[in-house]
>>> print(open('input.txt').read())   # compact mmCIF, C-alpha atoms
# COMPACT_ATOMS: atom_id res chain seq x y z
CA LEU A 11 135.68 173.61 -18.58
CA PHE A 12 137.31 176.97 -17.88
CA LEU A 13 140.66 175.31 -17.27
CA ALA A 14 140.74 173.81 -20.74
CA THR A 15 141.10 177.29 -22.24
CA LEU A 16 144.09 178.27 -20.13
CA THR A 17 147.56 177.93 -21.55
CA TYR A 18 150.13 175.86 -19.70
CA ASP A 19 152.04 179.02 -18.69
CA THR A 20 149.03 180.74 -17.12
CA LEU A 21 148.19 177.61 -15.15
CA ARG A 22 151.07 178.03 -12.77
CA PHE A 23 149.31 181.04 -11.19
CA GLU A 24 145.95 179.31 -10.76
CA TYR A 25 146.92 176.76 -8.10
CA GLU A 26 147.33 177.39 -4.42
CA ASP A 27 150.31 175.93 -2.62
CA PHE A 28 150.08 173.15 -0.03
CA PRO A 29 148.28 174.16 3.18
CA GLU A 30 150.49 174.78 6.22
CA THR A 31 149.42 171.74 8.20
CA LYS A 32 150.84 169.27 10.68
CA GLU A 33 149.05 166.50 8.76
CA PRO A 34 151.47 164.34 6.76
CA VAL A 35 151.38 164.51 2.97
CA TRP A 36 151.28 161.08 1.33
CA ILE A 37 152.36 160.73 -2.32
CA LEU A 38 152.30 157.20 -3.79
CA GLY A 39 153.58 155.45 -0.69
CA ARG A 40 155.91 158.23 0.50
CA LYS A 41 155.26 160.30 3.63
CA TYR A 42 156.28 163.97 3.73
CA SER A 43 156.03 166.94 6.08
CA VAL A 44 154.88 170.24 4.55
CA PHE A 45 157.06 172.18 7.01
CA THR A 46 160.39 170.48 6.32
CA GLU A 47 159.98 168.76 2.93
CA LYS A 48 157.96 171.06 0.68
CA GLU A 49 160.63 171.03 -2.05
CA GLU A 50 160.77 167.22 -1.95
CA ILE A 51 156.97 167.01 -2.23
CA LEU A 52 156.91 169.26 -5.29
CA LEU A 53 159.84 167.42 -6.88
CA ASP A 54 158.08 164.08 -6.36
CA VAL A 55 154.88 165.44 -7.96
CA THR A 56 156.75 167.07 -10.86
CA SER A 57 158.57 163.80 -11.54
CA ARG A 58 155.33 161.93 -12.29
CA LEU A 59 154.52 161.75 -15.99
CA TRP A 60 151.64 164.15 -16.65
CA PHE A 61 149.44 163.49 -19.66
CA THR A 62 146.92 166.10 -20.71
CA TYR A 63 144.67 166.74 -23.66
CA ARG A 64 146.72 167.39 -26.80
CA LYS A 65 145.90 168.92 -30.18
CA ASN A 66 147.35 168.54 -33.69
CA PHE A 67 148.50 164.95 -33.33
CA PRO A 68 148.23 162.51 -36.30
CA ALA A 69 144.59 161.57 -36.92
CA ILE A 70 143.48 158.52 -34.92
CA GLY A 71 142.94 155.66 -37.36
CA GLY A 72 144.12 157.89 -40.21
CA THR A 73 140.87 159.83 -40.53
CA GLY A 74 139.69 160.32 -36.92
CA PRO A 75 140.21 163.08 -34.34
CA THR A 76 143.49 165.03 -34.16
CA SER A 77 142.74 166.22 -30.61
CA ASP A 78 141.27 164.52 -27.53
CA THR A 79 140.00 167.72 -25.85
CA GLY A 80 136.63 167.06 -24.23
CA TRP A 81 136.69 163.25 -24.44
CA GLY A 82 140.16 161.91 -23.61
CA CYS A 83 140.51 162.73 -19.90
CA MET A 84 140.02 159.18 -18.59
CA LEU A 85 142.30 157.82 -21.33
CA ARG A 86 144.98 160.30 -20.18
CA CYS A 87 144.47 159.22 -16.55
CA GLY A 88 144.88 155.62 -17.65
CA GLN A 89 148.14 156.63 -19.33
CA MET A 90 149.31 158.35 -16.12
CA ILE A 91 148.65 155.41 -13.80
CA PHE A 92 150.29 153.03 -16.29
CA ALA A 93 153.24 155.37 -16.84
CA GLN A 94 153.80 155.33 -13.09
CA ALA A 95 153.99 151.52 -13.28
CA LEU A 96 156.57 151.77 -16.09
CA VAL A 97 158.59 154.35 -14.14
CA CYS A 98 158.67 152.01 -11.12
CA ARG A 99 159.56 149.10 -13.41
CA HIS A 100 162.39 150.73 -15.37
CA LEU A 101 163.56 153.73 -13.29
CA GLY A 102 162.46 152.96 -9.71
CA ARG A 103 160.22 154.87 -7.29
CA ASP A 104 163.17 157.05 -6.16
CA TRP A 105 163.86 158.38 -9.66
CA ARG A 106 163.34 162.15 -10.05
CA TRP A 107 162.96 164.42 -13.08
CA ILE A 108 164.93 167.66 -12.85
CA LYS A 109 164.33 170.35 -15.46
CA GLY A 110 167.29 170.70 -17.82
CA LYS A 111 169.10 167.65 -16.47
CA ARG A 112 169.97 164.97 -19.01
CA GLN A 113 167.85 161.88 -18.43
CA MET A 114 168.81 158.24 -18.97
CA ASP A 115 167.68 156.33 -22.06
CA ASN A 116 165.13 154.28 -20.12
CA TYR A 117 163.28 157.46 -19.20
CA PHE A 118 162.83 158.32 -22.89
CA ASN A 119 161.88 154.70 -23.63
CA VAL A 120 159.07 155.03 -21.06
CA LEU A 121 157.96 158.42 -22.38
CA ASN A 122 158.02 157.20 -25.99
CA ALA A 123 155.57 154.43 -25.10
CA PHE A 124 152.89 157.13 -24.51
CA ILE A 125 153.61 159.66 -27.28
CA ASP A 126 150.62 160.62 -29.46
CA LYS A 127 151.33 158.46 -32.48
CA LYS A 128 149.93 155.17 -33.69
CA ASP A 129 153.01 153.00 -33.06
CA SER A 130 153.54 153.88 -29.38
CA TYR A 131 152.45 151.05 -27.09
CA TYR A 132 150.09 153.11 -24.90
CA SER A 133 149.34 156.11 -27.14
CA ILE A 134 145.92 157.75 -27.22
CA HIS A 135 145.67 156.20 -30.71
CA GLN A 136 146.17 152.67 -29.40
CA ILE A 137 143.86 153.14 -26.41
CA ALA A 138 141.06 154.67 -28.51
CA GLN A 139 141.29 151.98 -31.20
CA MET A 140 141.59 149.08 -28.75
CA GLY A 141 138.53 150.51 -26.96
CA VAL A 142 136.41 149.77 -30.03
CA GLY A 143 136.71 146.10 -29.03
CA GLU A 144 135.23 147.04 -25.63
CA GLY A 145 132.23 148.66 -27.31
CA LYS A 146 133.52 152.25 -27.19
CA SER A 147 133.56 154.25 -30.41
CA ILE A 148 136.54 156.60 -30.93
CA GLY A 149 135.87 159.86 -29.13
CA GLN A 150 133.44 158.27 -26.66
CA TRP A 151 133.99 158.77 -22.92
CA TYR A 152 135.47 155.87 -20.91
CA GLY A 153 134.90 154.78 -17.33
CA PRO A 154 137.83 153.60 -15.15
CA ASN A 155 137.03 149.93 -15.78
CA THR A 156 137.10 150.27 -19.59
CA VAL A 157 140.46 152.04 -19.64
CA ALA A 158 141.88 149.34 -17.32
CA GLN A 159 140.64 146.55 -19.63
CA VAL A 160 142.17 148.28 -22.68
CA LEU A 161 145.55 148.89 -21.00
CA LYS A 162 145.71 145.23 -20.01
CA LYS A 163 145.34 144.22 -23.67
CA LEU A 164 147.92 146.76 -24.88
CA ALA A 165 150.46 145.60 -22.29
CA THR A 166 150.71 142.19 -23.98
CA PHE A 167 152.56 143.88 -26.87
CA ASP A 168 155.06 145.61 -24.58
CA THR A 169 157.69 142.87 -24.38
CA TRP A 170 160.25 145.41 -23.12
CA SER A 171 158.32 145.91 -19.87
CA SER A 172 157.06 142.31 -19.73
CA LEU A 173 154.31 143.15 -17.23
CA ALA A 174 151.67 140.89 -15.77
CA VAL A 175 148.49 143.00 -15.72
CA HIS A 176 145.63 141.77 -13.56
CA ILE A 177 142.24 143.44 -13.26
CA ALA A 178 140.44 142.24 -10.15
CA MET A 179 136.72 142.14 -10.89
CA ASP A 180 133.73 141.78 -8.56
CA ASN A 181 135.62 143.57 -5.76
CA THR A 182 137.72 140.44 -5.20
CA VAL A 183 141.49 139.93 -5.49
CA VAL A 184 142.34 136.23 -5.89
CA MET A 185 145.95 135.58 -4.81
CA GLU A 186 146.23 132.22 -6.58
CA GLU A 187 145.21 133.80 -9.92
CA ILE A 188 147.85 136.53 -9.57
CA ARG A 189 150.62 134.06 -8.65
CA ARG A 190 149.75 131.93 -11.66
CA LEU A 191 149.84 135.00 -13.93
CA CYS A 192 153.14 136.35 -12.56
CA GLN A 193 154.96 133.03 -12.43
CA SER A 194 154.37 132.17 -16.08
CA ASN A 195 157.73 131.99 -17.86
CA PHE A 196 156.80 133.87 -21.02
CA PRO A 197 156.22 137.58 -21.64
CA CYS A 198 152.82 136.90 -23.26
CA ALA A 199 149.99 134.43 -22.93
CA GLY A 200 150.14 133.41 -26.60
CA ALA A 201 152.95 133.98 -29.08
CA ALA A 202 150.45 135.05 -31.74
CA ALA A 203 149.26 137.92 -29.54
CA CYS A 204 152.74 139.46 -29.50
CA PRO A 205 154.81 141.02 -32.25
CA ALA A 206 158.13 139.31 -32.76
CA LEU A 207 160.81 140.55 -30.38
CA GLU A 208 163.02 141.66 -33.28
CA SER A 209 160.37 143.88 -34.87
CA ASP A 210 159.70 145.41 -31.45
CA VAL A 211 163.35 146.33 -31.14
CA LEU A 212 163.43 147.99 -34.54
CA TYR A 213 160.07 149.69 -34.08
CA ASN A 214 160.50 151.16 -30.63
CA GLY A 215 164.26 151.28 -30.26
CA TYR A 216 164.14 149.31 -27.02
CA PRO A 217 167.10 147.26 -25.77
CA GLU A 218 167.03 143.75 -27.20
CA GLU A 219 168.33 141.92 -24.15
CA ALA A 220 165.48 143.18 -21.93
CA GLY A 221 162.87 140.85 -23.41
CA VAL A 222 165.22 137.88 -23.35
CA ARG A 223 166.25 138.51 -19.73
CA ASP A 224 162.64 138.75 -18.58
CA ARG A 225 161.75 135.49 -20.31
CA LEU A 226 163.99 133.78 -17.79
CA SER A 227 162.83 135.57 -14.65
CA LEU A 228 160.52 133.74 -12.24
CA TRP A 229 158.15 136.62 -11.44
CA LYS A 230 156.79 139.06 -13.97
CA PRO A 231 156.28 142.53 -12.41
CA LEU A 232 152.61 142.92 -11.51
CA VAL A 233 150.31 145.81 -12.33
CA LEU A 234 147.15 145.26 -10.29
CA LEU A 235 144.12 147.39 -11.14
CA ILE A 236 140.95 147.10 -9.03
CA PRO A 237 137.83 148.81 -10.42
CA LEU A 238 135.49 149.63 -7.53
CA ARG A 239 132.20 151.31 -6.76
CA LEU A 240 132.35 152.89 -3.30
CA GLY A 241 128.74 154.02 -3.04
CA LEU A 242 125.82 154.79 -5.33
CA THR A 243 125.94 158.49 -6.14
CA GLU A 244 128.56 159.64 -3.65
CA ILE A 245 131.41 157.96 -1.82
CA ASN A 246 130.38 156.10 1.34
CA GLU A 247 132.29 157.71 4.24
CA ALA A 248 133.12 154.27 5.63
CA TYR A 249 135.56 153.71 2.72
CA ILE A 250 137.54 156.93 3.18
CA GLU A 251 140.07 155.59 5.71
CA THR A 252 140.73 152.52 3.55
CA LEU A 253 141.21 154.69 0.47
CA LYS A 254 143.74 156.84 2.34
CA HIS A 255 145.65 153.72 3.37
CA CYS A 256 146.02 152.73 -0.30
CA PHE A 257 148.12 155.88 -0.87
CA MET A 258 150.35 154.93 2.10
CA MET A 259 151.42 151.59 0.62
CA PRO A 260 154.83 151.55 -1.10
CA GLN A 261 153.19 149.57 -3.93
CA SER A 262 150.68 152.37 -4.63
CA LEU A 263 150.15 153.51 -8.22
CA GLY A 264 147.36 155.87 -7.16
CA VAL A 265 143.74 155.99 -8.24
CA ILE A 266 141.91 156.97 -11.41
CA GLY A 267 138.42 158.43 -11.13
CA GLY A 268 137.00 161.87 -10.55
CA LYS A 269 133.58 163.29 -11.18
CA PRO A 270 131.17 162.14 -13.91
CA ASN A 271 132.67 163.09 -17.28
CA SER A 272 135.73 164.63 -15.60
CA ALA A 273 138.57 162.26 -14.75
CA HIS A 274 141.61 162.87 -12.56
CA TYR A 275 144.71 160.88 -11.55
CA PHE A 276 144.91 160.86 -7.74
CA ILE A 277 148.45 160.43 -6.40
CA GLY A 278 148.04 161.09 -2.67
CA TYR A 279 146.27 162.97 0.07
CA VAL A 280 146.74 165.49 2.87
CA GLY A 281 144.16 165.69 5.67
CA GLU A 282 140.73 165.29 4.06
CA GLU A 283 141.90 166.35 0.60
CA LEU A 284 143.04 164.22 -2.32
CA ILE A 285 146.05 165.37 -4.36
CA TYR A 286 145.72 164.86 -8.09
CA LEU A 287 147.09 165.56 -11.55
CA ASP A 288 144.53 167.05 -13.90
CA PRO A 289 144.48 166.21 -17.63
CA HIS A 290 142.05 169.05 -18.47
CA THR A 291 144.36 171.47 -20.23
CA THR A 292 145.12 171.28 -23.95
CA GLN A 293 148.75 171.35 -25.05
CA PRO A 294 150.13 170.99 -28.60
CA ALA A 295 151.30 167.50 -29.57
CA VAL A 296 155.06 167.05 -29.19
CA GLU A 297 157.38 165.98 -31.99
CA PRO A 298 161.06 165.00 -31.69
CA ASN A 299 163.31 167.98 -32.56
CA ASP A 300 165.91 168.05 -35.38
CA SER A 301 168.45 166.13 -33.31
CA GLY A 302 165.86 163.40 -32.66
CA CYS A 303 165.45 164.42 -29.00
CA LEU A 304 161.96 164.61 -27.51
CA PRO A 305 161.18 167.89 -25.68
CA ASP A 306 159.73 166.59 -22.41
CA GLU A 307 158.94 169.59 -20.20
CA SER A 308 155.24 169.57 -21.03
CA PHE A 309 154.98 166.02 -19.63
CA HIS A 310 155.75 167.21 -16.10
CA CYS A 311 153.39 169.30 -13.98
CA GLN A 312 155.59 172.13 -12.70
CA HIS A 313 153.04 173.92 -10.53
CA PRO A 314 151.63 172.69 -7.19
CA PRO A 315 149.16 169.86 -7.83
CA CYS A 316 145.39 170.24 -7.56
CA ARG A 317 143.47 169.21 -4.45
CA MET A 318 139.83 168.33 -3.76
CA SER A 319 137.82 167.10 -0.81
CA ILE A 320 137.71 163.30 -0.62
CA ALA A 321 133.93 163.56 -0.09
CA GLU A 322 133.56 164.99 -3.64
CA LEU A 323 135.07 161.90 -5.29
CA ASP A 324 132.74 160.03 -7.62
CA PRO A 325 132.26 156.55 -6.13
CA SER A 326 133.42 154.77 -9.31
CA ILE A 327 137.22 154.45 -9.31
CA ALA A 328 140.06 152.09 -10.14
CA VAL A 329 142.86 151.64 -7.59
CA GLY A 330 146.32 150.63 -8.84
CA PHE A 331 149.29 148.82 -7.29
CA PHE A 332 152.69 147.73 -8.64
CA CYS A 333 154.56 144.70 -7.25
CA ASN A 334 157.97 144.39 -8.87
CA THR A 335 158.83 141.14 -7.06
CA GLU A 336 157.02 138.29 -5.39
CA GLU A 337 158.16 139.73 -2.03
CA ASP A 338 156.43 143.01 -2.93
CA PHE A 339 153.21 141.11 -3.61
CA ASN A 340 153.41 139.08 -0.38
CA ASP A 341 154.03 142.31 1.55
CA TRP A 342 151.05 143.96 -0.16
CA CYS A 343 148.81 141.01 0.81
CA GLN A 344 149.93 141.34 4.44
CA GLN A 345 149.15 145.07 4.45
CA ILE A 346 145.68 144.48 2.98
CA LYS A 347 144.97 141.85 5.65
CA LYS A 348 146.09 144.26 8.40
CA LEU A 349 143.91 146.97 6.90
CA SER A 350 140.81 144.86 7.57
CA LEU A 351 141.59 145.26 11.30
CA VAL A 352 141.66 149.09 11.23
CA ARG A 353 138.67 150.48 13.13
CA GLY A 354 136.25 152.56 11.11
CA ALA A 355 137.76 151.40 7.80
CA LEU A 356 135.40 149.36 5.63
CA PRO A 357 137.29 147.08 3.20
CA MET A 358 136.96 148.28 -0.40
CA PHE A 359 137.61 144.80 -1.79
CA GLU A 360 138.09 141.25 -0.61
CA LEU A 361 141.43 139.40 -0.67
CA VAL A 362 141.03 135.61 -1.03
CA GLU A 363 143.48 132.75 -1.56
CA ARG A 364 141.54 131.05 -4.35
CA GLN A 365 138.61 131.80 -6.55
CA PRO A 366 135.19 131.18 -4.97
CA SER A 367 133.42 128.34 -6.77
CA HIS A 368 130.59 130.58 -8.02
CA PHE A 369 133.01 132.67 -10.11
CA SER A 370 133.43 132.06 -13.83
CA ASN A 371 136.92 132.22 -15.33
CA PRO A 372 137.67 135.98 -15.63
CA ASP A 373 140.02 135.57 -18.60
CA VAL A 374 137.32 133.82 -20.57
CA LEU A 375 134.87 136.56 -19.62
CA ASN A 376 137.20 139.35 -20.68
CA LEU A 377 137.95 137.95 -24.10
CA THR A 378 135.05 135.75 -25.22
CA PRO A 379 131.83 136.69 -23.45
CA ASP A 380 129.20 134.00 -23.80
CA SER A 381 125.55 134.97 -24.04
CA SER A 382 124.81 133.01 -20.86
CA ASP A 383 127.15 135.39 -19.03
CA ALA A 384 125.21 138.46 -20.11
CA ASP A 385 123.86 139.31 -16.66
CA ARG A 386 127.28 139.04 -15.05
CA LEU A 387 128.95 140.99 -17.83
CA GLU A 388 126.67 143.96 -17.27
CA ARG A 389 128.58 144.49 -14.05
CA PHE A 390 131.94 143.94 -15.74
CA PHE A 391 131.87 146.62 -18.40
CA ASP A 392 130.51 150.12 -18.86
CA SER A 393 126.93 150.19 -19.98
CA GLU A 394 126.15 152.57 -22.82
CA ASP A 395 124.07 155.07 -20.84
CA GLU A 396 126.31 155.55 -17.83
CA ASP A 397 129.43 157.62 -17.33
CA PHE A 398 130.70 155.21 -14.69
CA GLU A 399 130.04 151.50 -14.39
CA ILE A 400 128.30 150.04 -11.37
CA LEU A 401 130.32 146.99 -10.41
CA SER A 402 128.22 145.75 -7.53
CA LEU A 403 125.44 147.10 -5.39
>>> encode(input="input.txt", output="structure tokens")
Amino acid sequence: LFLATLTYDTLRFEYEDFPETKEPVWILGRKYSVFTEKEEILLDVTSRLWFTYRKNFPAIGGTGPTSDTGWGCMLRCGQMIFAQALVCRHLGRDWRWIKGKRQMDNYFNVLNAFIDKKDSYYSIHQIAQMGVGEGKSIGQWYGPNTVAQVLKKLATFDTWSSLAVHIAMDNTVVMEEIRRLCQSNFPCAGAAACPALESDVLYNGYPEEAGVRDRLSLWKPLVLLIPLRLGLTEINEAYIETLKHCFMMPQSLGVIGGKPNSAHYFIGYVGEELIYLDPHTTQPAVEPNDSGCLPDESFHCQHPPCRMSIAELDPSIAVGFFCNTEEDFNDWCQQIKKLSLVRGALPMFELVERQPSHFSNPDVLNLTPDSSDADRLERFFDSEDEDFEILSL
């Protein structure tokens, strides 16, 4: 709570630097040494898009909140994990943000998709309003599963990125389902669910040929989000090694979670500590300047990132991965299979070739829950009286 009252400028003095340790630092699939690569570590962290509470943005829904302080932290973490997917998709994992250096158009296209206004694809306005369909009133706190479900729905309108978003429920990743989703030839499941390509181009200023090109590609880039419960009230130690391995994979998008009512975006680890970006500071909303350029410095965390003990992590999280190509996905599957052989590492989820016969169709569940599915759905979505959802016990 104290942090929320600090200004961005005072924050830079509040964080301690990385510990001097022989342990490697892992950031979203990249391995670094503190002794020889400290600048590279900080540059990598600073280059991630950092979304925090904002104030004085246009009212959500026209008459709703103009700030998300106190309720929007998980929505901001959802924006961060999804922004990382868009950065990998359009700029590549090696792209770096350098203060004062002119950035390419695609960078601003990505940033514009998250700006606090109603017509940005993944704005706080869109997430909050789409969440109403998931049973969350505007200003209500989300769990990691709810924000994942909402982002999946919003991504169908983003024809520029043309992503296949899959949320693996019941701790199970079904390879056949993902291949079917990624090998479909169209940007969206149904034409009616998408705005026309032309209006998209006019509305968001995105390059017209991108949507057309992706219509012809054989694999839509995959964003895989896996909501998990790794214990009842605290994280089961047996999952810690597996969780660390997720940050080592080149496909890693990180993890969203935190502590009850306090969400963070975890991007890596060093030793027994997680490295994260914290949305809990309030900055003014950003408007394009007179020349139409968007001031972007406040979207990059320019102080050393926060750290916390892995043991303090709330057990309810969502893990994210990005597979740009089918080869990336096949490689990810191989790594997950190898991970099951690591001693002392309990698998966090199951990887199966096809859906077990006792499963219902997850797409039907997500969009048109039937009353007969009520018991199963209780494990799918946040219940009203819990900060985090229990997915399975």
>>> atom_distance(input="input.txt", atom1="atom CA of Ala273 of chain A", atom2="atom CA of His290 of chain A")
8.5 Å
>>> axis_aligned_box(input="input.txt", around="segment 101-120 of chain A", padding_each_side="6 Å", output="AutoDock Vina command-line options")
--center_x 164.5 --center_y 161.8 --center_z -14.9 --size_x 22.9 --size_y 29.7 --size_z 29.5
>>> residues_around(input="input.txt", residues="Asn116 of chain A", least_positions_apart="3", cutoff="10 Å", atoms="only C-alpha atoms", output="list of chain:residue names")
A:Leu96, A:Val97, A:His100, A:Leu101, A:Gln113, A:Asn119, A:Val120, A:Leu121, A:Asn122, A:Tyr216, A:Pro217
>>> write_last_selection(input="input.txt", atoms="C-alpha atoms", output="PDB file, in the coordinates of the input")
ATOM      1  CA  LEU A  96     156.570 151.770 -16.090  1.00  0.00           C
ATOM      2  CA  VAL A  97     158.590 154.350 -14.140  1.00  0.00           C
ATOM      3  CA  HIS A 100     162.390 150.730 -15.370  1.00  0.00           C
ATOM      4  CA  LEU A 101     163.560 153.730 -13.290  1.00  0.00           C
ATOM      5  CA  GLN A 113     167.850 161.880 -18.430  1.00  0.00           C
ATOM      6  CA  ASN A 119     161.880 154.700 -23.630  1.00  0.00           C
ATOM      7  CA  VAL A 120     159.070 155.030 -21.060  1.00  0.00           C
ATOM      8  CA  LEU A 121     157.960 158.420 -22.380  1.00  0.00           C
ATOM      9  CA  ASN A 122     158.020 157.200 -25.990  1.00  0.00           C
ATOM     10  CA  TYR A 216     164.140 149.310 -27.020  1.00  0.00           C
ATOM     11  CA  PRO A 217     167.100 147.260 -25.770  1.00  0.00           C
TER      12      PRO A 217
END
>>> residues_around(input="input.txt", residues="Gly39 of chain A", least_positions_apart="3", cutoff="8 Å", atoms="all atoms listed in the file", output="MDAnalysis selection string")
chainID A and resid 36 257:262
>>> write_last_selection(input="input.txt", atoms="C-alpha atoms", output="PDB file, keeping the file's coordinate frame")
ATOM      1  CA  TRP A  36     151.280 161.080   1.330  1.00  0.00           C
ATOM      2  CA  PHE A 257     148.120 155.880  -0.870  1.00  0.00           C
ATOM      3  CA  MET A 258     150.350 154.930   2.100  1.00  0.00           C
ATOM      4  CA  MET A 259     151.420 151.590   0.620  1.00  0.00           C
ATOM      5  CA  PRO A 260     154.830 151.550  -1.100  1.00  0.00           C
ATOM      6  CA  GLN A 261     153.190 149.570  -3.930  1.00  0.00           C
ATOM      7  CA  SER A 262     150.680 152.370  -4.630  1.00  0.00           C
TER       8      SER A 262
END
>>> closest_residue(input="input.txt", among="A:Phe359, A:Tyr249, A:Phe332, A:Phe61", to="Asp126 of chain A", atoms="all atoms listed in the file")
A:Phe61
>>> closest_residue(input="input.txt", among="A:Val296, A:Leu161, A:Ala138, A:Ala328", to="Leu253 of chain A", atoms="all atoms listed in the file")
A:Ala328
>>> closest_residue(input="input.txt", among="A:Lys347, A:Arg99, A:Lys146, A:Lys32", to="Ser171 of chain A", atoms="only C-alpha atoms")
A:Arg99
>>> residues_around(input="input.txt", residues="Arg58 of chain A", least_positions_apart="2", cutoff="10 Å", atoms="all atoms listed in the file", output="count of residues only")
20
>>> closest_residue(input="input.txt", among="A:Tyr42, A:Tyr131, A:Tyr117, A:Tyr63", to="Cys98 of chain A", atoms="all atoms listed in the file")
A:Tyr117
>>> residues_near_point(input="input.txt", point="(139.5, 148.9, -11.5)", cutoff="12 Å", atoms="only C-alpha atoms", output="JSON, numbers by chain")
{"A": [88, 91, 153, 154, 155, 156, 157, 158, 159, 160, 161, 162, 175, 176, 177, 178, 179, 180, 181, 182, 183, 233, 234, 235, 236, 237, 238, 239, 240, 264, 265, 266, 267, 325, 326, 327, 328, 329, 330, 331, 358, 359, 390, 391, 392, 398, 399, 400, 401]}
>>> residues_around(input="input.txt", residues="segment 317-319 of chain A", least_positions_apart="3", cutoff="9 Å", atoms="only C-alpha atoms", output="VMD selection string")
chain A and resid 28 279 to 280 282 to 287 322 to 323
>>> closest_residue(input="input.txt", among="A:Asp115, A:Glu336, A:Asp104, A:Asp78", to="Gln193 of chain A", atoms="all atoms listed in the file")
A:Glu336
>>> residues_near_point(input="input.txt", point="(140.0, 158.8, -38.4)", cutoff="12 Å", atoms="all atoms listed in the file", output="list in words")
Phe67, Pro68, Ala69, Ile70, Gly71, Gly72, Thr73, Gly74, Pro75, Thr76, Ser77, Lys128, His135, Ala138, Gln139, Ser147, Ile148 and Gly149 of chain A
>>> atom_distance(input="input.txt", atom1="atom CA of Ile37 of chain A", atom2="atom CA of Glu187 of chain A")
28.9 Å
>>> closest_residue(input="input.txt", among="A:Ile108, A:Pro34, A:Trp151, A:Gln89", to="Pro270 of chain A", atoms="only C-alpha atoms")
A:Trp151
>>> atom_distance(input="input.txt", atom1="atom CA of Cys87 of chain A", atom2="atom CA of Ser43 of chain A")
26.6 Å
